[in-house]
Amino acid sequence: MVRVKLCGIRDLDTALQAVQCGASALGFVHHPPSPRYISPQQTCELVQQLPPLVETVSLAVKISPSQAVEMAIAAQTTTIQYYGTVDDFLQLQESFPRAIFATWDEHQAQQLWRESPHAWVLFEGQTVHHGGAGVKADWGIARKLAAQYPIILAGGLQPENVAEAVRAVRPHGVDVSSGIESERGIKCPQRMEDFVKAAMRGL
Ligand SMILES: O=C(O)c1ccccc1N[C@@H]1O[C@H](COP(=O)(O)O)[C@@H](O)[C@H]1O
C-alpha cells in the first residue's frame, strides 16, 4: 500500500480531515516565507489533539541540524523533512534518526545513499523556493531511484495525476501540498479525499 503524506496543514480541523481521508502522515511547514507556515508551538498544540498512529512531519528548510532537531522537539513531531546539504543531513540523522532528505537532485540522492544506504529520500520537482510550488518531479529519474531504494515522490502531484505517478514510479509514498488546495495555502477537503483515494488506486 502506498503511503500518503498531506503537507502544509495549519489547523486542527484540516488535520483531522486529513486523518479521516486516510493520510498516513501530516506535514507542517516551519519555514516563515511559506504561505503554509505554522510555528513549532502551534504545531505542538495541534499534534497533541491528533489520534494515535499518525505520523507528523516537521519541514526544516535551510537551517542547521541542531536547529531542525530543536524545532521538531518543540513541535512534538515524529519526523523531520530536511532541506539542506547531504553532510548536514548525515549529522541530523545522528541525533534524530527519523528524518527524510528532500531533494530534486539525483546525484545528491546517490551521494547520500553511498554514505547512508538506509536514508529516506523525498524526490521532488526543481524549484527556487524549496517545494510547495506544484513543480512536477522528473518521474523517469524518480523511477530509477525507486528501483534502487524506496523513495517518497513529491512535486506537482494532484488527485488528477497521482494514480499515474504511483504506477509510473512505484514509490513507497507520495507527498502533496499545493495540489490539494482551493487557493494558495488553503486546503480543500474534497481534493484531499480525492488525492488519497487516487493514490491508493494507483497500485
Ligand atoms: O509547502 C510548502 O510551502 C513548502 C515550503 C518549503 C519547503 C517545502 C514545502 N512543501 C513541500 O514541497 C513538496 C512539493 O509540494 P507541491 O505538492 O508541489 O506543492 C512537498 O514535499 C511539500 O511537502
# chains A, B, ... in the order shown; residues from 1 in each chain; ligands from 1
>>> residues_near_ligand(ligand="ligand 1", cutoff="6 Å", atoms="only C-alpha atoms and all ligand atoms", output="CSV table (one decimal) with all heavy atoms, in the first residue's frame")
chain,number,residue,atom,x,y,z
A,7,CYS,N,0.7,17.6,3.1
A,7,CYS,CA,1.6,18.6,3.7
A,7,CYS,C,1.0,20.0,3.7
A,7,CYS,O,0.1,20.4,2.9
A,7,CYS,CB,2.9,18.6,2.9
A,7,CYS,SG,4.2,19.4,3.8
A,8,GLY,N,1.5,20.8,4.6
A,8,GLY,CA,1.0,22.2,4.7
A,8,GLY,C,-0.2,22.4,5.5
A,8,GLY,O,-1.1,23.3,5.3
A,34,SER,N,6.8,30.6,3.7
A,34,SER,CA,5.8,29.8,3.0
A,34,SER,C,4.4,30.3,3.4
A,34,SER,O,4.1,30.6,4.6
A,34,SER,CB,5.9,28.4,3.5
A,34,SER,OG,4.8,27.6,3.1
A,36,ARG,N,2.1,28.5,4.0
A,36,ARG,CA,1.6,27.4,4.8
A,36,ARG,C,2.3,27.3,6.2
A,36,ARG,O,2.3,26.3,6.9
A,36,ARG,CB,1.8,26.0,4.1
A,36,ARG,CG,1.2,26.1,2.7
A,36,ARG,CD,1.6,24.9,1.8
A,36,ARG,NE,1.1,25.2,0.5
A,36,ARG,CZ,1.8,25.6,-0.6
A,36,ARG,NH1,3.1,25.8,-0.5
A,36,ARG,NH2,1.2,25.8,-1.7
A,130,HIS,N,12.2,25.9,-2.8
A,130,HIS,CA,12.2,24.6,-2.0
A,130,HIS,C,10.8,24.1,-1.8
A,130,HIS,O,10.3,24.0,-0.7
A,130,HIS,CB,12.8,24.9,-0.6
A,130,HIS,CG,14.1,25.5,-0.6
A,130,HIS,ND1,15.2,25.0,-1.2
A,130,HIS,CD2,14.5,26.7,-0.1
A,130,HIS,CE1,16.2,25.8,-1.1
A,130,HIS,NE2,15.8,26.9,-0.4
A,131,GLY,N,10.2,23.7,-2.8
A,131,GLY,CA,8.9,22.9,-2.7
A,131,GLY,C,7.7,23.8,-2.4
A,131,GLY,O,7.7,25.0,-2.2
A,132,GLY,N,6.6,23.0,-2.5
A,132,GLY,CA,5.3,23.6,-2.3
A,132,GLY,C,4.8,24.5,-3.5
A,132,GLY,O,3.9,25.2,-3.3
A,133,ALA,N,5.5,24.3,-4.6
A,133,ALA,CA,5.2,25.2,-5.7
A,133,ALA,C,4.5,24.5,-6.9
A,133,ALA,O,4.2,25.1,-7.9
A,133,ALA,CB,6.5,25.8,-6.3
A,134,GLY,N,4.2,23.2,-6.7
A,134,GLY,CA,3.5,22.5,-7.7
A,134,GLY,C,4.3,22.1,-8.9
A,134,GLY,O,3.8,21.9,-10.0
A,135,VAL,N,5.6,22.1,-8.7
A,135,VAL,CA,6.5,21.7,-9.8
A,135,VAL,C,6.7,20.2,-9.9
A,135,VAL,O,7.2,19.6,-8.9
A,135,VAL,CB,7.9,22.5,-9.7
A,135,VAL,CG1,8.8,22.0,-10.8
A,135,VAL,CG2,7.7,24.0,-9.7
A,154,ALA,N,7.3,13.5,-4.6
A,154,ALA,CA,6.5,14.7,-4.4
A,154,ALA,C,6.7,15.6,-5.6
A,154,ALA,O,7.4,15.3,-6.5
A,154,ALA,CB,7.1,15.4,-3.1
A,155,GLY,N,6.0,16.8,-5.6
A,155,GLY,CA,6.2,17.8,-6.6
A,155,GLY,C,5.1,17.7,-7.7
A,155,GLY,O,5.1,16.8,-8.5
A,156,GLY,N,4.2,18.6,-7.6
A,156,GLY,CA,3.2,18.8,-8.7
A,156,GLY,C,2.2,17.6,-8.7
A,156,GLY,O,1.6,17.4,-9.7
A,157,LEU,N,2.1,16.9,-7.6
A,157,LEU,CA,1.1,15.8,-7.6
A,157,LEU,C,-0.3,16.4,-7.3
A,157,LEU,O,-0.4,17.4,-6.6
A,157,LEU,CB,1.5,14.7,-6.6
A,157,LEU,CG,2.8,14.0,-6.9
A,157,LEU,CD1,3.1,13.0,-5.8
A,157,LEU,CD2,2.7,13.2,-8.2
A,175,ASP,N,3.7,12.6,-1.6
A,175,ASP,CA,3.5,13.7,-0.7
A,175,ASP,C,3.0,14.9,-1.6
A,175,ASP,O,3.4,15.1,-2.7
A,175,ASP,CB,4.9,14.1,-0.2
A,175,ASP,CG,4.9,15.3,0.7
A,175,ASP,OD1,3.8,15.7,1.2
A,175,ASP,OD2,6.0,15.9,0.9
A,176,VAL,N,2.0,15.6,-1.0
A,176,VAL,CA,1.4,16.7,-1.8
A,176,VAL,C,1.1,17.9,-0.9
A,176,VAL,O,0.8,17.8,0.3
A,176,VAL,CB,0.1,16.2,-2.4
A,176,VAL,CG1,-0.9,15.8,-1.4
A,176,VAL,CG2,-0.5,17.3,-3.3
A,177,SER,N,1.2,19.1,-1.5
A,177,SER,CA,0.9,20.3,-0.8
A,177,SER,C,-0.1,21.1,-1.7
A,177,SER,O,-1.3,21.2,-1.4
A,177,SER,CB,2.1,21.1,-0.4
A,177,SER,OG,1.7,22.1,0.5
A,178,SER,N,0.4,21.8,-2.7
A,178,SER,CA,-0.4,22.7,-3.5
A,178,SER,C,-1.5,22.0,-4.3
A,178,SER,O,-2.6,22.6,-4.5
A,178,SER,CB,0.5,23.6,-4.4
A,178,SER,OG,1.3,22.7,-5.2
A,179,GLY,N,-1.3,20.8,-4.6
A,179,GLY,CA,-2.3,20.0,-5.4
A,179,GLY,C,-3.6,19.7,-4.7
A,179,GLY,O,-4.6,19.2,-5.4
>>> residues_around(residues="Val69 of chain A", least_positions_apart="4", cutoff="7 Å", atoms="only C-alpha atoms", output="PyMOL selection string")
chain A and resi 65+73+96
>>> write_last_selection(atoms="all heavy atoms", output="short mmCIF file (atom, residue, chain, number, x, y, z; two decimals), in the first residue's frame")
data_model
loop_
_atom_site.label_atom_id
_atom_site.label_comp_id
_atom_site.auth_asym_id
_atom_site.auth_seq_id
_atom_site.Cartn_x
_atom_site.Cartn_y
_atom_site.Cartn_z
N PRO A 65 21.33 21.35 11.43
CA PRO A 65 20.76 20.13 12.00
C PRO A 65 20.29 20.35 13.44
O PRO A 65 19.22 19.87 13.82
CB PRO A 65 21.91 19.13 11.95
CG PRO A 65 22.81 19.62 10.86
CD PRO A 65 22.67 21.11 10.85
N ILE A 73 11.47 18.96 18.27
CA ILE A 73 11.19 18.68 19.69
C ILE A 73 10.11 19.65 20.18
O ILE A 73 9.16 19.26 20.84
CB ILE A 73 12.48 18.76 20.53
CG1 ILE A 73 13.36 17.56 20.20
CG2 ILE A 73 12.15 18.78 22.04
CD1 ILE A 73 14.75 17.60 20.82
N PHE A 96 18.67 12.62 15.26
CA PHE A 96 17.22 12.46 15.01
C PHE A 96 17.08 11.47 13.85
O PHE A 96 16.96 11.86 12.68
CB PHE A 96 16.60 13.82 14.67
CG PHE A 96 15.12 13.90 14.93
CD1 PHE A 96 14.62 14.50 16.08
CD2 PHE A 96 14.20 13.36 14.01
CE1 PHE A 96 13.26 14.58 16.31
CE2 PHE A 96 12.83 13.45 14.25
CZ PHE A 96 12.36 14.06 15.40
#
>>> closest_residue(among="A:Val162, A:Ala168, A:Met192, A:Ala198", to="Leu16 of chain A", atoms="only C-alpha atoms")
A:Met192
>>> select_by_dssp(residues="segment 12-183 of chain A", states="alpha helix (DSSP H)", output="PyMOL selection string")
chain A and resi 12-21+40-47+65-75+86-95+106-115+139-148+162-169
>>> residues_around(residues="segment 45-61 of chain A", least_positions_apart="6", cutoff="10 Å", atoms="only C-alpha atoms", output="PyMOL selection string")
chain A and resi 5-13+15-16+19+22-32+37-39+67-69+71-73+75-84+98-100+102+129-131
>>> closest_residue(among="A:His118, A:His172, A:Arg191, A:His107", to="Pro159 of chain A", atoms="only C-alpha atoms")
A:Arg191
>>> select_by_dssp(residues="segment 94-177 of chain A", states="strand (DSSP E or B)", output="number ranges by chain")
A: 99-103, 120-123, 151-153, 173-176
>>> residues_around(residues="Glu160 of chain A", least_positions_apart="4", cutoff="9 Å", atoms="only C-alpha atoms", output="PDB file with C-alpha atoms, in the first residue's frame")
ATOM      1  CA  GLU A 164      -0.470   7.555 -12.879  1.00  0.00           C
ATOM      2  CA  ASP A 194      -9.755  12.514  -3.888  1.00  0.00           C
ATOM      3  CA  PHE A 195      -5.964  12.546  -3.640  1.00  0.00           C
ATOM      4  CA  ALA A 198      -6.471   8.108  -6.245  1.00  0.00           C
TER       5      ALA A 198
END
>>> closest_residue(among="A:Ser66, A:Gln148, A:Thr43, A:Ser182", to="Asp88 of chain A", atoms="only C-alpha atoms")
A:Ser66
>>> closest_residue(among="A:Thr103, A:Gln20, A:Gln108, A:Gln126", to="Asp87 of chain A", atoms="only C-alpha atoms")
A:Gln108
>>> residues_around(residues="Gly202 of chain A", least_positions_apart="2", cutoff="7 Å", atoms="only C-alpha atoms", output="short mmCIF file (atom, residue, chain, number, x, y, z; two decimals) with C-alpha atoms, in the first residue's frame")
data_model
loop_
_atom_site.label_atom_id
_atom_site.label_comp_id
_atom_site.auth_asym_id
_atom_site.auth_seq_id
_atom_site.Cartn_x
_atom_site.Cartn_y
_atom_site.Cartn_z
CA ALA A 163 -2.50 7.30 -9.67
CA GLU A 164 -0.47 7.56 -12.88
CA VAL A 166 2.30 5.78 -8.50
CA ARG A 167 2.08 3.35 -11.42
CA ALA A 198 -6.47 8.11 -6.25
CA ALA A 199 -3.05 7.38 -4.72
CA MET A 200 -4.36 4.09 -3.31
#
>>> residues_around(residues="Trp104 of chain A", least_positions_apart="5", cutoff="6 Å", atoms="only C-alpha atoms", output="list in words")
Phe123, Glu124, Gly125 and Gln126 of chain A
>>> write_last_selection(atoms="all heavy atoms", output="PDB file, in the first residue's frame")
ATOM      1  N   PHE A 123      11.858  12.745  -3.272  1.00  0.00           N
ATOM      2  CA  PHE A 123      12.305  13.285  -4.559  1.00  0.00           C
ATOM      3  C   PHE A 123      11.207  14.165  -5.125  1.00  0.00           C
ATOM      4  O   PHE A 123      10.069  13.729  -5.293  1.00  0.00           O
ATOM      5  CB  PHE A 123      12.638  12.134  -5.514  1.00  0.00           C
ATOM      6  CG  PHE A 123      13.328  12.594  -6.763  1.00  0.00           C
ATOM      7  CD1 PHE A 123      14.641  13.039  -6.721  1.00  0.00           C
ATOM      8  CD2 PHE A 123      12.661  12.595  -7.977  1.00  0.00           C
ATOM      9  CE1 PHE A 123      15.281  13.487  -7.876  1.00  0.00           C
ATOM     10  CE2 PHE A 123      13.294  13.040  -9.132  1.00  0.00           C
ATOM     11  CZ  PHE A 123      14.606  13.479  -9.085  1.00  0.00           C
ATOM     12  N   GLU A 124      11.549  15.436  -5.416  1.00  0.00           N
ATOM     13  CA  GLU A 124      10.519  16.391  -5.840  1.00  0.00           C
ATOM     14  C   GLU A 124      10.961  17.169  -7.063  1.00  0.00           C
ATOM     15  O   GLU A 124      12.023  16.931  -7.618  1.00  0.00           O
ATOM     16  CB  GLU A 124      10.190  17.332  -4.679  1.00  0.00           C
ATOM     17  CG  GLU A 124      11.357  18.166  -4.252  1.00  0.00           C
ATOM     18  CD  GLU A 124      11.001  19.192  -3.181  1.00  0.00           C
ATOM     19  OE1 GLU A 124       9.880  19.174  -2.677  1.00  0.00           O
ATOM     20  OE2 GLU A 124      11.861  20.006  -2.877  1.00  0.00           O
ATOM     21  N   GLY A 125      10.130  18.129  -7.482  1.00  0.00           N
ATOM     22  CA  GLY A 125      10.461  18.963  -8.638  1.00  0.00           C
ATOM     23  C   GLY A 125      11.451  20.048  -8.256  1.00  0.00           C
ATOM     24  O   GLY A 125      11.526  20.455  -7.097  1.00  0.00           O
ATOM     25  N   GLN A 126      12.181  20.517  -9.270  1.00  0.00           N
ATOM     26  CA  GLN A 126      13.209  21.527  -9.013  1.00  0.00           C
ATOM     27  C   GLN A 126      12.579  22.918  -8.907  1.00  0.00           C
ATOM     28  O   GLN A 126      11.938  23.392  -9.845  1.00  0.00           O
ATOM     29  CB  GLN A 126      14.227  21.531 -10.152  1.00  0.00           C
ATOM     30  CG  GLN A 126      15.328  22.543  -9.948  1.00  0.00           C
ATOM     31  CD  GLN A 126      16.400  22.451 -11.015  1.00  0.00           C
ATOM     32  OE1 GLN A 126      16.324  21.608 -11.909  1.00  0.00           O
ATOM     33  NE2 GLN A 126      17.384  23.313 -10.929  1.00  0.00           N
TER      34      GLN A 126
END
>>> atom_distance(atom1="atom CA of Pro189 of chain A", atom2="atom CA of Gln17 of chain A")
6.8 Å
>>> closest_residue(among="A:Arg201, A:Lys144, A:Arg170, A:Arg184", to="Gln110 of chain A", atoms="only C-alpha atoms")
A:Lys144
